[in-house]
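Asks: I have a structure here, written as structure tokens, and I will follow up with some questions on it.
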Amino acid sequence: MLDLAGQLHAWAEEGRDFAVATVVAVGGSAPRPPGAALAVCADGTAIGSVSGGCVEGAVYDLCLQALQDRETRVEQFGYSDEDAFAVGLTCGGVIDIMVTPYDAGDAAQTAALPAAAHGEPVALARVVHGPAGLLGRAVLVRPDGTHAGGLGGHDDLDRTVIAQARALLEAGRTGTIEVSEDGSHCPGGLTLLVESAVPPPRMIVFGAIDFAAALVRAGKFLGYHVTVCDARPVFATRTRFPEADEIVVDWPHRYLAGTDTDARTVLCVLTHDAKFDIPLLTEALRLPVAYVGAMGSRRTHEDRNRRLREAGVSERELARLRSPIGLDLGARTPEETALSIAAEIVAARHGGTGRPLTGANTPIHRDERAAGLLSQPV
């Protein structure tokens, strides 16, 4: 729901009535992850998607029904062996959809939409499995632990959910949590979907070269907030990088040491110049970021590794370095090279192998929880 916050907030401000269908659980080769949403206004306008097309019509009808009966419900859609053209996921997956009519009196919903629409980091935790009286109830959680709304019944339940939702928010991730109705951490009573709305992750590109210009475009396409950093003012210009969010003229290692990074940040070192690379990578490989890649030939890579060891970088730290950067796509042009780097970043983020799907036995859509990519609050 929060990925549609901008439009939904506008609808709410206009006093329009609408219902939102949200993916709350997936299994198998489901096309959209938990948190994906389809919203339908009372005038029939629809935005968003829950399945990439497979069950949109049926979910649209459920939203219209929810607008009439004002009830929250959870429906499951899956593949039909008897009739592949029946309502279901012909890709073979299963998705659970929660359909909720917007309620202007719901403190969590009414606080979540403007906050997410304005780029504030928030998490919305909603009950998606449990007693009928709690289904759809929600609490909005902010990074400092303050909240709006509540699940009702037990203060301990609210405290437990807020703590776990805050942990997912800090990681910038959407996922489910399971707790008991009395608020204990033991699974068994309630399942909640926690949707995190956070600012875009950062991509910092070091080295103002032609390859960097193509990578900036790829990074923006993937939804990153992209910064270009180079110590040479003649190259680090807005003219050369019109699509970058920020252009910084500074020594790369000095800038990296003073800027904010987190577990979602990706660092792409395209300078392949030892006087920049060694102090920069020495700093980068000790930060808890998602990805560190460095451009250069295999000879450059070997020389760089030797210099990094001499600078005190440990073997464990060095093992985090993606070098030469990118997947082997046979890339030649800056655009092709940017594609290979972007592909490696996506694979690293979701646990992909980088191998062709043709003939492979690996799942197309991975379960991030099973892959260990979602934080597991305890």
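Note on naming: chains are A, B, ... as they come in the structure tokens, residues start from 1 per chain, ligands start from 1 in the order shown.
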List as a count of residues only the protein and nucleic acid residues near Trp11 of chain A, meaning an atom at most 9 Å away when only C-alpha atoms are counted, but skip any in the same chain fewer than 6 places from it.
Replies: 3
Asks: With only C-alpha atoms as the counted atoms, please give the residues lying no more than 6 Å from Ala19 of chain A, apart from itself and same-chain residues fewer than 4 positions off, as a list of chain:residue names.
Replies: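 The contact residues come out as A:Ala39, A:Val40, A:Cys63, A:Thr100, A:Pro101, A:Tyr102.
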Asks: Which segment 179-259 of chain A residues have any atom within 12 Å of an atom of segment 104-119 of chain A, and for each, what is the nearest pair of atoms with distance in Å to one decimal, counting only C-alpha atoms, rows sorted by chain and number, as a tab-separated table?
Replies:
```
residue	atom	partner	partner_atom	distance
A:Glu195	CA	A:Ala112	CA	10.3
A:Ser196	CA	A:Ala116	CA	9.1
A:Ala197	CA	A:Ala116	CA	6.0
A:Val198	CA	A:Gly119	CA	6.9
A:Pro199	CA	A:Gly119	CA	6.1
A:Pro200	CA	A:Gly119	CA	9.1
```
Asks: Just checking: using only C-alpha atoms, which residue out of A:Ile97, A:Leu321, A:Val179, A:Val161 ends up closest to Val266 of chain A?
Replies: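 Closest residue, counting only C-alpha atoms: A:Leu321.
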Asks: With only C-alpha atoms as the counted atoms, please give the residues lying no more than 9 Å from segment 237-239 of chain A, apart from itself and same-chain residues fewer than 6 positions off, as a PyMOL selection string.
Replies: chain A and resi 208+246-249
Asks: Could you pull out the strand (DSSP E) residues of segment 124-211 of chain A from DSSP and send them as a PyMOL selection string?
Replies: chain A and resi 124-129+138-141+147-149+175-179+190-197+202-206
Asks: Between A:Val216, A:Ala343, A:Val205, A:Ala294, single out the one closest to Leu281 of chain A, counting only C-alpha atoms.
Replies: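 Of the candidates, the smallest distance to Leu281 of chain A is held by A:Ala294.
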